[in-house]
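The next block holds one structure in the form of structure tokens; read it before the comments.
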Amino acid sequence: MAGELPFEKPLVELQDKIKELRRFTEEKGIDFSDEVQRLEQKAKDLAQQIYGNLTPWQRVQLARHPERPTTLDYIQLLFTDFIEVHGDRLFGDDHSIVGGIAKFDGHPVTVVGHQTGKDTKDNIKRNFGMAHPEGYRKALRIMQQADKFGRPIICFINTKGAYPGKSAEERGQSEAIARNLREMATFRVPIICIVIGEGGSGGALAISVGNRILMLENSWYSVIAPESAAAILWRDASLGMRAAESMKITAPDLFELGVIDGVIPEPFGGAHRDLIAQASAVKTVIAEQLEQLGHLTPDELIQDRYEKFKNIGKYATL
């Protein structure tokens with residue numbers, strides 16, 4: 001299995017043994033069908049034990065899987081007539097943010113999302129999905145056009161966070177993120193945001209001020225990555241597993257807390273196991289949410305968004 005994760009190793013070893021027995025049967029003509037059947041049942045039980053009881057840290061690992069579907073994968077499978085928009089008209093084109101105009105079930109929409117790479121070369125080009133200010137300004141430019149022409153906005157979130165380097169700070173990273181938060185809050189069209197992998201810090205929030213925030217089952221969404229939180233709390237980034245357990249950053253936890261509006265199920269073992277099935281599940285949810293939000297007026301959409309974020313968390317006035 002390509003890109004196997006540490007907790008998947010026992011299952012992978014068992015599957016390799018099954019393949020070896022089958023190959024031996026073909027080459028030597030010796031019948032091992034009973035043994036293969038027994039091992040297949042054992043592998044099935046082991047898979048249920050592993051994937052049916054995932055820990056928060058294991059979900060974080062699945063969210064980071066190198067073969068996990070990206071924004072462009074979903075665009076290819078869910079939308080038609082996609083026209084990508086480049087550049088922020090101020091500095092340049094940031095490849096870690098992709099977006100443009102497309103059709104969803106024949107209706108015009110605007111799509112924006114973080115884009116990670118499929119290999120080392122592509123990841124360098126995409127800056128591992130960590131956007132510079134020009135990326136967020138490009139996203140804002142695309143969304144402002146959608147607001148002008150009345151197109152629903154669909155955002156795919158998958159980033160460890162905004163790029164924290166000197167160049168990004170020099171070009172106004174904080175201002176770019178803050179402007180996106182303010183402007184998205186005022187858009188008069190439906191906004192649907194889906195966390196498809198990692199949802200880290202302001203880099204994620206900059207394109208996730210929506211009427212509906214949804215998460216794939218094995219994704220995470222937090223003010224900070226677990227390793228970074230561990231480095232601050234315990235001065236040891238290797239304690240990321242402990243932080244993930246404490247922070248309540250996974251989709252089931254955040255849905256229970258009311259931070260997100262729904263959890264999109266993944267194929268058994270993660271979204272990378274069956275891209276077609278995963279895309280189908282995402283498409284169903286997008287269609288349902290567009291149908292619900294389509295009955296609201298522009299003013300009601302703004303109020304709906306305001307109420308959503310106002311009601312996140314619990315607080316008491318003195």
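All residue names refer to the structure tokens as shown: chains lettered A, B, ... in order, residues numbered from 1 in each chain, ligands numbered from 1 in order.
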For the contact check between stretch 264-301 of chain A and stretch 56-68 of chain A, emit one row per residue of stretch 264-301 of chain A within 12 Å, containing the shortest atom pair and the distance in Å rounded to one decimal, counting only C-alpha atoms, chain then rising number order, as a tab-separated table.
```
residue	atom	partner	partner_atom	distance
A:Glu266	CA	A:Leu62	CA	10.8
A:Pro267	CA	A:Arg68	CA	11.8
A:Phe268	CA	A:Leu62	CA	11.6
A:Gly269	CA	A:Leu62	CA	8.5
A:Gly270	CA	A:Leu62	CA	6.6
A:Ala271	CA	A:Arg68	CA	6.2
A:His272	CA	A:Arg68	CA	4.7
A:Arg273	CA	A:Arg68	CA	8.5
A:Asp274	CA	A:Arg68	CA	9.9
A:Leu275	CA	A:Arg68	CA	8.6
A:Gln278	CA	A:Arg68	CA	10.6
A:Ala279	CA	A:Arg68	CA	11.9
```
Polymer residues at most 10 Å from stretch 72-74 of chain A, only C-alpha atoms, same-chain spacing of 5 or more positions, as a PyMOL selection string: chain A and resi 79+98-99+112-116+156+196+275-276+278-280+282-283
Exercise: A:Asn158 partners within 10 Å, only C-alpha atoms, chain neighbours under 5 positions left out, as an MDAnalysis selection string: chainID A and resid 63:64 70:71 96:97 113:116 128:130 194:200 203:204 219:221
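With distances taken over only C-alpha atoms, A:His95 is the one residue among A:His107, A:Ile224, A:His95, A:Leu54 lying closest to A:Asp122.
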Give one line per residue of stretch 127-159 of chain A that approaches stretch 80-89 of chain A to at most 8 Å, naming the two atoms of the closest pair and their distance in Å to one decimal, counting only C-alpha atoms; sort by chain then ascending residue number and deliver it as a tab-separated table.
```
residue	atom	partner	partner_atom	distance
A:Glu134	CA	A:Asp88	CA	5.8
A:Gly135	CA	A:Asp88	CA	7.2
A:Arg137	CA	A:Asp88	CA	5.5
A:Lys138	CA	A:Asp88	CA	4.2
A:Ala139	CA	A:Asp88	CA	8.0
A:Arg141	CA	A:Asp88	CA	6.8
A:Ile142	CA	A:Val85	CA	7.3
```
Atom-to-atom span, atom CA of A:Lys160 and atom CA of A:Ala146, Å: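 Computing it gives 26.2 Å between the two atoms.
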Distance table requested - stretch 103-210 of chain A against stretch 253-262 of chain A, cut-off 12 Å, only C-alpha atoms: one row per qualifying residue with the closest atom pair and its distance in Å to one decimal, ordered by chain and rising residue number, as a tab-separated table.
```
residue	atom	partner	partner_atom	distance
A:Ile192	CA	A:Asp261	CA	10.3
A:Cys193	CA	A:Ile260	CA	9.8
A:Ile194	CA	A:Gly262	CA	9.5
A:Val195	CA	A:Ile260	CA	9.9
A:Ser208	CA	A:Ile260	CA	10.8
A:Val209	CA	A:Ile260	CA	11.3
A:Gly210	CA	A:Ile260	CA	10.3
```
Could you name the residues that touch A:His295 at 12 Å or less, counting only C-alpha atoms, but leaving out those on the same chain fewer than 6 positions away, as a tab-separated table (two decimals) with N, CA, C and O atoms, in the first residue's frame?
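Full text of out.tsv as output:
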```tsv
chain	number	residue	atom	x	y	z
A	189	VAL	N	-24.34	36.18	-1.08
A	189	VAL	CA	-24.59	34.91	-1.77
A	189	VAL	C	-24.30	33.77	-0.79
A	189	VAL	O	-23.59	33.95	0.19
A	190	PRO	N	-24.85	32.58	-1.06
A	190	PRO	CA	-24.56	31.43	-0.18
A	190	PRO	C	-23.07	31.08	-0.22
A	190	PRO	O	-22.44	31.09	-1.28
A	288	GLU	N	-27.47	19.54	-1.25
A	288	GLU	CA	-28.44	19.74	-0.17
A	288	GLU	C	-28.32	21.14	0.44
A	288	GLU	O	-29.34	21.81	0.67
A	289	GLN	N	-27.10	21.58	0.66
A	289	GLN	CA	-26.89	22.88	1.29
A	289	GLN	C	-27.28	24.02	0.35
A	289	GLN	O	-27.86	25.03	0.79
A	301	LEU	N	-29.13	35.73	4.20
A	301	LEU	CA	-27.86	34.99	4.14
A	301	LEU	C	-26.81	35.63	5.05
A	301	LEU	O	-26.08	34.94	5.76
A	304	ASP	N	-27.86	34.95	8.60
A	304	ASP	CA	-27.62	33.54	8.89
A	304	ASP	C	-26.15	33.30	9.22
A	304	ASP	O	-25.82	32.58	10.17
```
Separation of atom CA of A:Leu11 from atom CA of A:Ile50 in Å: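 Atom CA of A:Leu11 lies 8.6 Å from atom CA of A:Ile50.
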Atom CA of A:Ala206 to atom CA of A:Leu181, distance in Å rounded to a single decimal: 5.8 Å
Which parts of stretch 181-250 of chain A does DSSP call helix (DSSP H, G or I) when run on the backbone here, written out as a tab-separated table (two decimals) with N, CA, C and O atoms, in the first residue's frame?
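Below you can see selection16.tsv, which holds the result:
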```
chain	number	residue	atom	x	y	z
A	181	LEU	N	-11.81	37.89	6.12
A	181	LEU	CA	-12.81	37.62	7.16
A	181	LEU	C	-13.93	38.66	7.11
A	181	LEU	O	-15.12	38.33	7.17
A	182	ARG	N	-13.52	39.91	7.01
A	182	ARG	CA	-14.52	40.99	6.99
A	182	ARG	C	-15.40	40.93	5.75
A	182	ARG	O	-16.63	41.03	5.84
A	183	GLU	N	-14.77	40.76	4.60
A	183	GLU	CA	-15.53	40.78	3.35
A	183	GLU	C	-16.44	39.57	3.20
A	183	GLU	O	-17.59	39.70	2.76
A	184	MET	N	-15.95	38.39	3.59
A	184	MET	CA	-16.79	37.20	3.46
A	184	MET	C	-18.03	37.29	4.34
A	184	MET	O	-19.10	36.76	3.99
A	185	ALA	N	-17.90	37.98	5.46
A	185	ALA	CA	-19.05	38.12	6.35
A	185	ALA	C	-20.17	38.93	5.72
A	185	ALA	O	-21.33	38.82	6.13
A	186	THR	N	-19.86	39.74	4.72
A	186	THR	CA	-20.85	40.65	4.13
A	186	THR	C	-21.37	40.20	2.76
A	186	THR	O	-22.23	40.85	2.20
A	201	SER	N	-5.45	27.18	11.58
A	201	SER	CA	-5.26	28.58	11.96
A	201	SER	C	-5.96	29.56	11.01
A	201	SER	O	-6.94	29.23	10.34
A	202	GLY	N	-5.44	30.80	10.96
A	202	GLY	CA	-6.04	31.83	10.12
A	202	GLY	C	-5.94	31.51	8.65
A	202	GLY	O	-6.74	31.99	7.85
A	203	GLY	N	-4.97	30.67	8.28
A	203	GLY	CA	-4.85	30.27	6.89
A	203	GLY	C	-6.07	29.53	6.40
A	203	GLY	O	-6.44	29.62	5.23
A	204	ALA	N	-6.71	28.78	7.29
A	204	ALA	CA	-7.95	28.08	6.95
A	204	ALA	C	-9.14	29.02	7.08
A	204	ALA	O	-10.01	29.07	6.21
A	205	LEU	N	-9.17	29.79	8.15
A	205	LEU	CA	-10.30	30.67	8.41
A	205	LEU	C	-10.47	31.72	7.33
A	205	LEU	O	-11.59	32.18	7.07
A	226	PRO	N	-1.57	20.46	16.06
A	226	PRO	CA	-1.27	19.79	17.32
A	226	PRO	C	0.19	19.89	17.75
A	226	PRO	O	0.49	20.12	18.92
A	227	GLU	N	1.12	19.73	16.79
A	227	GLU	CA	2.54	19.81	17.13
A	227	GLU	C	2.92	21.20	17.62
A	227	GLU	O	3.71	21.35	18.57
A	228	SER	N	2.35	22.22	16.99
A	228	SER	CA	2.65	23.60	17.41
A	228	SER	C	2.08	23.87	18.79
A	228	SER	O	2.71	24.54	19.62
A	229	ALA	N	0.88	23.35	19.05
A	229	ALA	CA	0.29	23.52	20.37
A	229	ALA	C	1.14	22.83	21.43
A	229	ALA	O	1.36	23.36	22.52
A	230	ALA	N	1.64	21.63	21.10
A	230	ALA	CA	2.48	20.89	22.04
A	230	ALA	C	3.78	21.65	22.32
A	230	ALA	O	4.27	21.67	23.45
A	231	ALA	N	4.33	22.28	21.27
A	231	ALA	CA	5.57	23.03	21.45
A	231	ALA	C	5.37	24.22	22.38
A	231	ALA	O	6.27	24.59	23.15
A	232	ILE	N	4.18	24.81	22.35
A	232	ILE	CA	3.88	25.96	23.22
A	232	ILE	C	3.56	25.50	24.64
A	232	ILE	O	4.07	26.03	25.62
A	233	LEU	N	2.71	24.48	24.74
A	233	LEU	CA	2.24	24.04	26.06
A	233	LEU	C	3.30	23.27	26.85
A	233	LEU	O	3.46	23.48	28.05
A	237	ALA	N	7.40	19.48	20.56
A	237	ALA	CA	6.51	19.28	19.41
A	237	ALA	C	6.18	17.80	19.19
A	237	ALA	O	5.18	17.48	18.56
A	238	SER	N	7.01	16.91	19.73
A	238	SER	CA	6.77	15.48	19.53
A	238	SER	C	5.54	15.00	20.31
A	238	SER	O	5.09	13.87	20.12
A	239	LEU	N	4.99	15.85	21.17
A	239	LEU	CA	3.80	15.49	21.93
A	239	LEU	C	2.52	15.89	21.20
A	239	LEU	O	1.48	16.10	21.83
A	240	GLY	N	2.60	15.98	19.88
A	240	GLY	CA	1.43	16.34	19.08
A	240	GLY	C	0.26	15.39	19.29
A	240	GLY	O	-0.90	15.80	19.26
A	241	MET	N	0.56	14.11	19.50
A	241	MET	CA	-0.50	13.13	19.74
A	241	MET	C	-1.29	13.50	20.99
A	241	MET	O	-2.53	13.46	20.99
A	242	ARG	N	-0.59	13.86	22.04
A	242	ARG	CA	-1.24	14.25	23.29
A	242	ARG	C	-2.09	15.51	23.10
A	242	ARG	O	-3.22	15.59	23.59
A	243	ALA	N	-1.56	16.46	22.34
A	243	ALA	CA	-2.30	17.69	22.08
A	243	ALA	C	-3.56	17.42	21.27
A	243	ALA	O	-4.62	17.97	21.55
A	244	ALA	N	-3.45	16.56	20.26
A	244	ALA	CA	-4.61	16.24	19.43
A	244	ALA	C	-5.74	15.64	20.25
A	244	ALA	O	-6.92	15.90	20.00
A	245	GLU	N	-5.38	14.83	21.25
A	245	GLU	CA	-6.39	14.23	22.12
A	245	GLU	C	-7.11	15.29	22.94
A	245	GLU	O	-8.30	15.18	23.22
A	246	SER	N	-6.39	16.33	23.33
A	246	SER	CA	-6.93	17.34	24.25
A	246	SER	C	-7.69	18.46	23.56
A	246	SER	O	-8.59	19.07	24.15
A	247	MET	N	-7.34	18.75	22.30
A	247	MET	CA	-7.80	19.97	21.64
A	247	MET	C	-9.18	19.89	21.01
A	247	MET	O	-9.76	20.91	20.63
```
